[in-house]
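Colleague: What follows is the file upload.pdb, containing PDB, C-alpha atoms:
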ATOM      1  CA  MET F 250      27.130 133.709  87.866
ATOM      2  CA  LYS F 251      29.443 136.420  89.147
ATOM      3  CA  ILE F 252      30.859 134.059  91.767
ATOM      4  CA  PHE F 253      31.495 131.447  89.066
ATOM      5  CA  ARG F 254      33.443 133.976  86.986
ATOM      6  CA  ILE F 255      35.553 134.984  89.983
ATOM      7  CA  VAL F 256      36.373 131.328  90.804
ATOM      8  CA  PHE F 257      37.198 130.597  87.166
ATOM      9  CA  LEU F 258      39.440 133.667  86.976
ATOM     10  CA  VAL F 259      41.314 132.692  90.142
ATOM     11  CA  PHE F 260      41.710 129.126  88.902
ATOM     12  CA  PHE F 261      42.966 130.390  85.517
ATOM     13  CA  ILE F 262      45.496 132.678  87.185
ATOM     14  CA  ILE F 263      46.758 129.786  89.331
ATOM     15  CA  ILE F 264      47.162 127.618  86.210
ATOM     16  CA  LEU F 265      49.099 130.386  84.480
ATOM     17  CA  LEU F 266      51.373 130.781  87.508
ATOM     18  CA  ILE F 267      52.072 127.035  87.632
ATOM     19  CA  VAL F 268      52.784 126.876  83.893
ATOM     20  CA  GLY F 269      54.991 129.946  84.102
ATOM     21  CA  PHE F 270      56.936 128.565  87.055
ATOM     22  CA  ALA F 271      57.382 125.217  85.291
ATOM     23  CA  ALA F 272      58.670 126.950  82.161
ATOM     24  CA  TRP F 273      61.039 129.116  84.227
ATOM     25  CA  PHE F 274      62.225 126.112  86.247
ATOM     26  CA  CYS F 275      62.874 123.888  83.212
ATOM     27  CA  THR F 276      64.626 126.466  81.048
ATOM     28  CA  GLY F 277      67.401 127.190  83.548
ATOM     29  CA  SER F 278      70.520 125.166  84.394
ATOM     30  CA  PHE F 279      73.413 125.075  86.850
ATOM     31  CA  VAL F 280      76.676 123.133  87.273
ATOM     32  CA  TYR F 281      76.785 120.702  90.200
ATOM     33  CA  GLN F 282      80.322 119.916  91.347
ATOM     34  CA  ASN F 283      80.843 116.618  93.089
ATOM     35  CA  SER F 284      83.950 115.014  94.573
ATOM     36  CA  LEU F 285      84.899 111.764  96.282
ATOM     37  CA  GLN F 286      87.955 110.686  98.268
ATOM     38  CA  GLU F 287      88.400 107.247  99.826
ATOM     39  CA  GLU F 288      91.344 105.068 100.859
ATOM     40  CA  PHE F 289      91.463 101.290 100.541
ATOM     41  CA  VAL F 290      94.117  99.052 102.122
ATOM     42  CA  ILE F 291      95.218  95.665 100.791
ATOM     43  CA  ASP F 292      97.197  93.368 103.108
ATOM     44  CA  GLU F 293      99.605  92.409 100.337
ATOM     45  CA  PRO F 294     102.864  93.995  99.083
ATOM     46  CA  ILE F 295     102.538  96.253  96.085
ATOM     47  CA  SER F 296     104.519  93.879  93.823
ATOM     48  CA  VAL F 297     101.883  91.171  94.396
ATOM     49  CA  VAL F 298      99.013  93.612  93.854
ATOM     50  CA  CYS F 299     100.471  94.758  90.508
ATOM     51  CA  LYS F 300     100.801  91.171  89.274
ATOM     52  CA  ARG F 301      97.227  90.376  90.269
ATOM     53  CA  ALA F 302      95.956  93.541  88.578
ATOM     54  CA  MET F 303      97.488  92.528  85.254
ATOM     55  CA  ASN F 304      95.763  89.121  85.413
ATOM     56  CA  ILE F 305      92.226  90.384  86.093
ATOM     57  CA  LYS F 306      89.658  88.655  83.890
ATOM     58  CA  LEU F 307      86.401  90.209  82.743
ATOM     59  CA  LYS F 308      83.275  88.865  84.407
ATOM     60  CA  PRO F 309      79.665  88.679  83.184
ATOM     61  CA  ARG F 310      77.614  91.849  83.319
ATOM     62  CA  SER F 311      75.302  92.484  86.242
ATOM     63  CA  LYS F 312      72.036  94.342  85.666
ATOM     64  CA  ASP F 313      71.283  95.214  89.291
ATOM     65  CA  LYS F 314      74.431  97.082  90.389
ATOM     66  CA  LEU F 315      76.926  99.706  89.309
ATOM     67  CA  ALA F 316      80.026  98.259  87.688
ATOM     68  CA  ALA F 317      82.988  99.436  85.595
ATOM     69  CA  ARG F 318      84.523  97.103  83.036
ATOM     70  CA  ILE F 319      88.132  97.517  81.881
ATOM     71  CA  ASP F 320      90.118  95.106  79.728
ATOM     72  CA  MET F 321      93.450  95.364  81.565
ATOM     73  CA  GLN F 322      95.498  93.840  78.745
ATOM     74  CA  GLN F 323      93.999  96.184  76.152
ATOM     75  CA  ALA F 324      94.310  99.115  78.553
ATOM     76  CA  ALA F 325      98.043  98.465  78.991
ATOM     77  CA  LYS F 326      98.462  98.259  75.210
ATOM     78  CA  ASN F 327      96.550 101.509  74.588
ATOM     79  CA  TYR F 328      98.568 103.285  77.269
ATOM     80  CA  SER F 329     101.859 102.178  75.711
ATOM     81  CA  LEU F 330     100.647 103.577  72.355
ATOM     82  CA  GLY F 331      99.529 106.867  73.891
ATOM     83  CA  LYS F 332      95.850 106.158  73.241
ATOM     84  CA  PRO F 333      92.916 106.656  75.645
ATOM     85  CA  ILE F 334      91.738 103.663  77.644
ATOM     86  CA  GLU F 335      88.235 102.377  76.975
ATOM     87  CA  VAL F 336      85.915 101.886  79.955
ATOM     88  CA  GLU F 337      82.341 100.598  80.067
ATOM     89  CA  ILE F 338      80.167 101.663  83.002
ATOM     90  CA  ASP F 339      76.998  99.709  83.744
ATOM     91  CA  HIS F 340      74.387 101.678  85.686
ATOM     92  CA  PRO F 341      71.345  99.768  87.009
ATOM     93  CA  LYS F 342      68.926 102.556  86.002
ATOM     94  CA  LEU F 343      70.671 104.629  83.330
ATOM     95  CA  GLY F 344      72.082 101.803  81.243
ATOM     96  CA  THR F 345      75.581 101.432  79.787
ATOM     97  CA  PHE F 346      78.018 104.284  79.217
ATOM     98  CA  LYS F 347      81.140 104.002  77.068
ATOM     99  CA  ALA F 348      83.985 106.298  78.055
ATOM    100  CA  GLU F 349      87.497 107.006  76.840
ATOM    101  CA  VAL F 350      89.957 108.077  79.522
ATOM    102  CA  ARG F 351      93.459 109.446  79.033
ATOM    103  CA  ILE F 352      95.962 108.226  81.641
ATOM    104  CA  ASN F 353      99.068 109.978  82.989
ATOM    105  CA  LEU F 354     101.528 108.566  85.511
ATOM    106  CA  GLU F 355     103.054 110.852  88.136
ATOM    107  CA  ALA F 356     105.870 109.588  90.366
ATOM    108  CA  GLU F 357     106.200 111.187  93.806
ATOM    109  CA  PRO F 358     108.715 110.520  96.598
ATOM    110  CA  ASN F 359     106.328 108.236  98.513
ATOM    111  CA  SER F 360     103.721 107.186  95.963
ATOM    112  CA  LEU F 361     102.708 106.670  92.375
ATOM    113  CA  LYS F 362      99.716 108.568  90.981
ATOM    114  CA  ILE F 363      97.562 107.474  88.084
ATOM    115  CA  ARG F 364      95.648 110.512  86.845
ATOM    116  CA  GLY F 365      92.760 109.994  84.450
ATOM    117  CA  THR F 366      90.841 112.575  82.424
ATOM    118  CA  MET F 367      87.670 111.775  80.526
ATOM    119  CA  VAL F 368      88.102 112.382  76.809
ATOM    120  CA  SER F 369      84.673 111.262  75.612
ATOM    121  CA  LEU F 370      81.477 109.781  76.999
ATOM    122  CA  ASP F 371      78.646 108.163  75.077
ATOM    123  CA  PRO F 372      75.957 109.052  75.906
ATOM    124  CA  SER F 373      77.094 112.232  77.652
ATOM    125  CA  GLN F 374      73.569 113.296  78.611
ATOM    126  CA  VAL F 375      70.892 111.698  80.748
ATOM    127  CA  LYS F 376      67.350 111.975  79.432
ATOM    128  CA  LYS F 377      64.038 111.272  81.085
ATOM    129  CA  TYR F 378      60.640 111.441  79.392
ATOM    130  CA  GLY F 379      62.372 112.860  76.338
ATOM    131  CA  LYS F 380      63.970 115.796  78.202
ATOM    132  CA  THR F 381      67.658 116.169  78.982
ATOM    133  CA  VAL F 382      67.919 116.366  82.761
ATOM    134  CA  ALA F 383      71.710 116.298  83.194
ATOM    135  CA  GLY F 384      74.949 116.167  81.261
ATOM    136  CA  ILE F 385      78.480 115.302  82.366
ATOM    137  CA  GLU F 386      80.845 118.089  81.326
ATOM    138  CA  ASN F 387      84.022 117.066  83.133
ATOM    139  CA  PHE F 388      85.298 114.037  85.022
ATOM    140  CA  THR F 389      88.753 113.360  86.435
ATOM    141  CA  PHE F 390      90.082 110.794  88.872
ATOM    142  CA  VAL F 391      93.327 110.067  90.663
ATOM    143  CA  LEU F 392      94.521 106.690  91.921
ATOM    144  CA  LYS F 393      97.321 107.124  94.441
ATOM    145  CA  ILE F 394      99.222 103.896  95.136
ATOM    146  CA  ALA F 395     101.653 103.724  98.035
ATOM    147  CA  ALA F 396     103.559 100.928  99.732
ATOM    148  CA  LYS F 397     103.195 100.752 103.509
ATOM    149  CA  ASP F 398     105.116  98.829 106.114
ATOM    150  CA  PRO F 399     103.237  96.533 108.578
ATOM    151  CA  LEU F 400     102.773  99.502 110.956
ATOM    152  CA  GLY F 401     101.051 101.561 108.268
ATOM    153  CA  LYS F 402     103.883 104.035 107.560
ATOM    154  CA  ASN F 403     104.538 105.111 103.978
ATOM    155  CA  LEU F 404     107.656 103.713 102.355
ATOM    156  CA  GLY F 405     109.766 105.570  99.838
ATOM    157  CA  PHE F 406     109.151 105.432  96.102
ATOM    158  CA  VAL F 407     112.206 103.188  95.645
ATOM    159  CA  ASN F 408     110.402 100.583  97.768
ATOM    160  CA  LEU F 409     107.241 100.500  95.653
ATOM    161  CA  LEU F 410     108.172  97.034  94.398
ATOM    162  CA  THR F 411     108.951  95.682  97.834
ATOM    163  CA  ASN F 412     107.864  92.130  98.697
ATOM    164  CA  THR F 413     106.722  93.024 102.200
ATOM    165  CA  GLY F 414     104.173  95.287 103.834
ATOM    166  CA  LYS F 415     100.783  96.509 102.624
ATOM    167  CA  THR F 416      99.396  98.474  99.711
ATOM    168  CA  ALA F 417      97.263 101.606 100.125
ATOM    169  CA  ILE F 418      95.092 102.816  97.240
ATOM    170  CA  GLU F 419      93.553 106.269  97.516
ATOM    171  CA  LEU F 420      90.766 107.064  95.059
ATOM    172  CA  SER F 421      89.664 110.655  94.447
ATOM    173  CA  THR F 422      87.272 111.917  91.770
ATOM    174  CA  ASP F 423      85.994 115.304  90.644
ATOM    175  CA  SER F 424      83.079 115.829  88.279
ATOM    176  CA  ASP F 425      81.109 118.726  86.820
ATOM    177  CA  ILE F 426      77.492 117.858  86.022
ATOM    178  CA  ARG F 427      75.218 120.365  84.318
ATOM    179  CA  VAL F 428      71.710 120.009  85.668
ATOM    180  CA  HIS F 429      69.092 121.331  83.257
ATOM    181  CA  PHE F 430      66.879 122.891  85.918
ATOM    182  CA  ARG F 431      67.049 125.984  88.074
ATOM    183  CA  GLY F 432      69.336 125.497  91.065
ATOM    184  CA  LEU F 433      66.761 125.783  93.826
ATOM    185  CA  GLY F 434      67.617 124.708  97.357
ATOM    186  CA  LEU F 435      65.143 121.826  97.358
ATOM    187  CA  LEU F 436      66.599 120.413  94.139
ATOM    188  CA  ARG F 437      70.176 120.772  95.346
ATOM    189  CA  SER F 438      69.405 118.933  98.591
ATOM    190  CA  GLN F 439      67.814 116.127  96.572
ATOM    191  CA  ILE F 440      70.903 115.908  94.352
ATOM    192  CA  ASP F 441      73.122 115.846  97.455
ATOM    193  CA  ARG F 442      71.225 112.796  98.740
ATOM    194  CA  MET F 443      71.544 111.092  95.363
ATOM    195  CA  ALA F 444      75.281 111.899  95.231
ATOM    196  CA  GLU F 445      75.824 110.442  98.704
ATOM    197  CA  LYS F 446      74.002 107.249  97.756
ATOM    198  CA  THR F 447      76.103 106.988  94.592
ATOM    199  CA  ARG F 448      79.274 107.503  96.651
ATOM    200  CA  LEU F 449      78.336 104.650  98.982
ATOM    201  CA  ASP F 450      77.555 102.429  95.997
ATOM    202  CA  ILE F 451      80.922 103.222  94.403
ATOM    203  CA  VAL F 452      82.818 102.527  97.631
ATOM    204  CA  GLN F 453      81.007  99.202  98.046
ATOM    205  CA  GLU F 454      81.699  98.199  94.450
ATOM    206  CA  VAL F 455      85.382  99.072  94.826
ATOM    207  CA  GLU F 456      85.572  96.971  98.004
ATOM    208  CA  ASN F 457      83.903  94.068  96.185
ATOM    209  CA  PHE F 458      86.319  94.449  93.272
ATOM    210  CA  LEU F 459      89.345  94.429  95.594
ATOM    211  CA  ASP F 460      88.028  91.395  97.497
ATOM    212  CA  GLU F 461      87.458  89.411  94.308
ATOM    213  CA  ASN F 462      90.578  90.387  92.348
ATOM    214  CA  LEU F 463      93.377  91.896  94.444
ATOM    215  CA  ARG F 464      92.920  90.615  97.998
ATOM    216  CA  GLN F 465      92.680  86.961  96.995
ATOM    217  CA  PRO F 466      95.488  84.951  95.335
ATOM    218  CA  SER F 467      95.019  84.190  91.656
ATOM    219  CA  GLU F 468      94.927  80.680  90.209
ATOM    220  CA  GLU F 469      98.553  81.046  89.070
ATOM    221  CA  GLU F 470      99.642  82.015  92.582
ATOM    222  CA  LEU F 471      97.815  79.068  94.129
ATOM    223  CA  ALA F 472      99.416  76.689  91.628
ATOM    224  CA  ARG F 473     102.911  78.016  92.403
ATOM    225  CA  GLN F 474     102.291  77.851  96.153
ATOM    226  CA  ASN F 475     101.051  74.261  95.903
ATOM    227  CA  ALA F 476     104.182  73.310  93.981
ATOM    228  CA  VAL F 477     106.373  74.902  96.673
ATOM    229  CA  ASP F 478     104.425  73.193  99.466
ATOM    230  CA  GLU F 479     104.873  69.804  97.815
ATOM    231  CA  LYS F 480     108.650  70.235  97.663
ATOM    232  CA  ALA F 481     109.080  71.843 101.091
ATOM    233  CA  PRO F 482     108.691  68.712 103.317
ATOM    234  CA  LYS F 483     111.288  66.734 101.320
ATOM    235  CA  SER F 484     113.973  69.393 101.652
ATOM    236  CA  GLY F 485     113.056  70.600 105.121
ATOM    237  CA  ASN F 486     112.973  67.446 107.274
ATOM    238  CA  PHE F 487     116.728  66.835 107.105
ATOM    239  CA  TRP F 488     117.623  70.326 108.299
ATOM    240  CA  ASN F 489     114.973  70.224 111.024
ATOM    241  CA  ARG F 490     116.352  66.913 112.323
ATOM    242  CA  LEU F 491     119.909  68.272 112.153
ATOM    243  CA  LYS F 492     119.002  71.359 114.208
ATOM    244  CA  GLN F 493     117.115  69.278 116.779
ATOM    245  CA  GLY F 494     120.046  66.828 117.106
ATOM    246  CA  ALA F 495     122.587  69.625 117.603
ATOM    247  CA  LYS F 496     120.416  71.251 120.265
ATOM    248  CA  ALA F 497     119.968  67.960 122.126
ATOM    249  CA  ALA F 498     123.704  67.239 122.072
ATOM    250  CA  ILE F 499     124.540  70.628 123.595
ATOM    251  CA  GLN F 500     121.916  70.236 126.322
ATOM    252  CA  LYS F 501     123.396  66.830 127.319
ATOM    253  CA  VAL F 502     126.756  68.478 128.036
ATOM    254  CA  ASP F 503     125.249  71.310 130.057
ATOM    255  CA  PRO F 504     121.487  71.937 130.033
ATOM    256  CA  GLY F 505     121.983  75.587 130.958
ATOM    257  CA  LEU F 506     124.868  76.233 128.577
ATOM    258  CA  GLU F 507     124.244  78.161 125.382
ATOM    259  CA  PRO F 508     126.098  76.866 122.317
ATOM    260  CA  GLU F 509     129.263  78.841 121.587
ATOM    261  CA  LYS F 510     130.367  79.770 118.115
ATOM    262  CA  VAL F 511     133.704  78.057 117.355
ATOM    263  CA  ILE F 512     135.767  79.604 114.557
ATOM    264  CA  PRO F 513     138.484  77.173 113.420
ATOM    265  CA  SER F 514     141.941  78.641 112.820
ATOM    266  CA  GLN F 515     143.662  78.406 109.461
ATOM    267  CA  ASP F 516     146.448  76.232 110.962
ATOM    268  CA  ASP F 517     144.051  73.681 112.413
ATOM    269  CA  ASP F 518     143.721  70.876 109.870
ATOM    270  CA  GLU F 519     142.227  68.319 112.259
ATOM    271  CA  PRO F 520     138.667  67.304 111.385
ATOM    272  CA  LEU F 521     135.889  68.156 113.833
ATOM    273  CA  ASP F 522     134.307  65.374 115.881
ATOM    274  CA  VAL F 523     130.599  65.231 115.010
ATOM    275  CA  SER F 524     129.872  61.795 116.366
ATOM    276  CA  ALA F 525     127.482  63.248 118.955
ATOM    277  CA  LEU F 526     125.367  64.664 116.201
ATOM    278  CA  ASP F 527     125.330  61.396 114.309
ATOM    279  CA  GLU F 528     124.090  59.529 117.363
ATOM    280  CA  GLU F 529     121.140  61.791 117.839
ATOM    281  CA  ILE F 530     120.237  61.910 114.141
TER
END
Step by step, read the file and then write its structure as structure tokens.
Modeller:
Amino acid sequence: MKIFRIVFLVFFIIILLIVGFAAWFCTGSFVYQNSLQEEFVIDEPISVVCKRAMNIKLKPRSKDKLAARIDMQQAAKNYSLGKPIEVEIDHPKLGTFKAEVRINLEAEPNSLKIRGTMVSLDPSQVKKYGKTVAGIENFTFVLKIAAKDPLGKNLGFVNLLTNTGKTAIELSTDSDIRVHFRGLGLLRSQIDRMAEKTRLDIVQEVENFLDENLRQPSEEELARQNAVDEKAPKSGNFWNRLKQGAKAAIQKVDPGLEPEKVIPSQDDDEPLDVSALDEEI
């Protein structure tokens, strides 16, 4: 009987310790700061990228991956009125978040920065089994857009609307997340692994977005290019034949002689003899 009481007492003390530790662990909180910085390159001039960005169309929601939805036309209108831009974020496990982000443009000598600050987020807290486990207190991002020449060197700000070169987009984010548990080392390492996985998911989704919307020509671009291609052969054959005929005529006179540039004088009113060209054409 005495042994039974001792075992029961030890078991009771262990239960009290576990309950006390759980209460202590759940009543604390700490702020987890996370950041991301990635660069993406598009093999198109920045003027083309801007036109494609304004013609992005919303696509159906996907339930199995992280995605951000922005109505570009409405976003441009809200920005012009000084209002926050509305963004919907679909998370495969946490559901849909609706955020309002205030945008500021900052021009630098070699780039253009789009700085965004979260104004509101609904819901702002993540709950599990009825308990709040985390809440987003602050979120900012910066999109740095720069024009690059074919060798990868930054061009000046005055060349941001150039029709040549590449476009570099640098994405950086900073967030403050309040975790409603004590900041033990084991928990922090687990959050670090989750943050790294989220970073990889975001980078992959951005790459997919760029591939689908900004790295591929839009329907309007394809239509314009097709129209140009249809007209090109009709206007190009004559000049191609003319150049080939002139080259052949010069090579008949002297195969090793390069054509010389002849500048007629103002006093010379005699017409030039182009019969050799006519024969070859």
Colleague: Please give the centre and size of the box around segment 315-318 of chain F (axis-aligned, containing every atom listed in the file, 5 Å added per side), with values in Å to one decimal and written as AutoDock Vina command-line options.
Modeller:
--center_x 80.7 --center_y 98.4 --center_z 86.2 --size_x 17.6 --size_y 12.6 --size_z 16.3
Colleague: Selected by the PyMOL selection byres ((chain F and resi 370) around 12) in the shown coordinates: which residues, as a ChimeraX atom specification?
Modeller: /F:333-338,345-350,366-369,371-375,384-388
Colleague: Tell me, in Å to one decimal, how far atom CA of Ile426 of chain F is from atom CA of Asn283 of chain F.
Modeller: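 Calculated distance between atom CA of Ile426 of chain F and atom CA of Asn283 of chain F is 7.9 Å.
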Colleague: So which residues get picked by the PyMOL selection byres ((chain F and resi 275) around 12) here, written as a PyMOL selection string?
Modeller: chain F and resi 268-274+276-279+380-383+428-433
Colleague: Between F:Asp441, F:Glu357, F:Asp339, F:Glu293, which has the minimum distance to Asp460 of chain F (counting all atoms listed in the file)?
Modeller: F:Glu293
Colleague: For Gln286 of chain F, find every residue with an atom within 12 Å (counting all atoms listed in the file), except residues of its own chain fewer than 5 positions away, and show them as number ranges by chain.
Modeller: F: 390-393, 418-423, 448-449, 451-452
Colleague: So what do you get for atom CA of Asp425 of chain F versus atom CA of Ser284 of chain F, distance-wise?
Modeller: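 According to the coordinates, atom CA of Asp425 of chain F and atom CA of Ser284 of chain F are separated by 9.1 Å.
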Colleague: Starting from the displayed file, determine the output of the PyMOL selection byres ((chain F and resi 298) around 10) and express the residue list as a PyMOL selection string.
Modeller: chain F and resi 291-297+299-303+410+415-416+459+462-466
Colleague: In Å, with one decimal, what is the gap from atom CA of Ala396 of chain F to atom CA of Pro358 of chain F?
Modeller: 11.3 Å
Colleague: Complete the atoms of segment 445-458 of chain F to N, CA and C atoms and put them out as a PDB file, in the frame of the given file.
Modeller:
ATOM      1  N   GLU F 445      75.337 111.225  97.564  1.00  0.00           N
ATOM      2  CA  GLU F 445      75.824 110.442  98.704  1.00  0.00           C
ATOM      3  C   GLU F 445      75.525 108.958  98.520  1.00  0.00           C
ATOM      4  N   LYS F 446      74.344 108.653  98.022  1.00  0.00           N
ATOM      5  CA  LYS F 446      74.002 107.249  97.756  1.00  0.00           C
ATOM      6  C   LYS F 446      74.919 106.663  96.683  1.00  0.00           C
ATOM      7  N   THR F 447      75.191 107.449  95.648  1.00  0.00           N
ATOM      8  CA  THR F 447      76.103 106.988  94.592  1.00  0.00           C
ATOM      9  C   THR F 447      77.503 106.770  95.143  1.00  0.00           C
ATOM     10  N   ARG F 448      77.954 107.662  96.044  1.00  0.00           N
ATOM     11  CA  ARG F 448      79.274 107.503  96.651  1.00  0.00           C
ATOM     12  C   ARG F 448      79.368 106.195  97.430  1.00  0.00           C
ATOM     13  N   LEU F 449      78.341 105.901  98.216  1.00  0.00           N
ATOM     14  CA  LEU F 449      78.336 104.650  98.982  1.00  0.00           C
ATOM     15  C   LEU F 449      78.331 103.438  98.054  1.00  0.00           C
ATOM     16  N   ASP F 450      77.584 103.529  96.957  1.00  0.00           N
ATOM     17  CA  ASP F 450      77.555 102.429  95.997  1.00  0.00           C
ATOM     18  C   ASP F 450      78.927 102.226  95.361  1.00  0.00           C
ATOM     19  N   ILE F 451      79.595 103.327  95.019  1.00  0.00           N
ATOM     20  CA  ILE F 451      80.922 103.222  94.403  1.00  0.00           C
ATOM     21  C   ILE F 451      81.917 102.607  95.374  1.00  0.00           C
ATOM     22  N   VAL F 452      81.897 103.068  96.631  1.00  0.00           N
ATOM     23  CA  VAL F 452      82.818 102.527  97.631  1.00  0.00           C
ATOM     24  C   VAL F 452      82.584 101.026  97.820  1.00  0.00           C
ATOM     25  N   GLN F 453      81.320 100.616  97.867  1.00  0.00           N
ATOM     26  CA  GLN F 453      81.007  99.202  98.046  1.00  0.00           C
ATOM     27  C   GLN F 453      81.467  98.384  96.852  1.00  0.00           C
ATOM     28  N   GLU F 454      81.278  98.917  95.641  1.00  0.00           N
ATOM     29  CA  GLU F 454      81.699  98.199  94.450  1.00  0.00           C
ATOM     30  C   GLU F 454      83.216  98.086  94.373  1.00  0.00           C
ATOM     31  N   VAL F 455      83.923  99.140  94.796  1.00  0.00           N
ATOM     32  CA  VAL F 455      85.382  99.072  94.826  1.00  0.00           C
ATOM     33  C   VAL F 455      85.846  98.024  95.827  1.00  0.00           C
ATOM     34  N   GLU F 456      85.221  97.990  97.002  1.00  0.00           N
ATOM     35  CA  GLU F 456      85.572  96.971  98.004  1.00  0.00           C
ATOM     36  C   GLU F 456      85.328  95.569  97.450  1.00  0.00           C
ATOM     37  N   ASN F 457      84.197  95.382  96.777  1.00  0.00           N
ATOM     38  CA  ASN F 457      83.903  94.068  96.185  1.00  0.00           C
ATOM     39  C   ASN F 457      84.940  93.705  95.127  1.00  0.00           C
ATOM     40  N   PHE F 458      85.321  94.686  94.314  1.00  0.00           N
ATOM     41  CA  PHE F 458      86.319  94.449  93.272  1.00  0.00           C
ATOM     42  C   PHE F 458      87.661  94.048  93.886  1.00  0.00           C
TER      43      PHE F 458
END
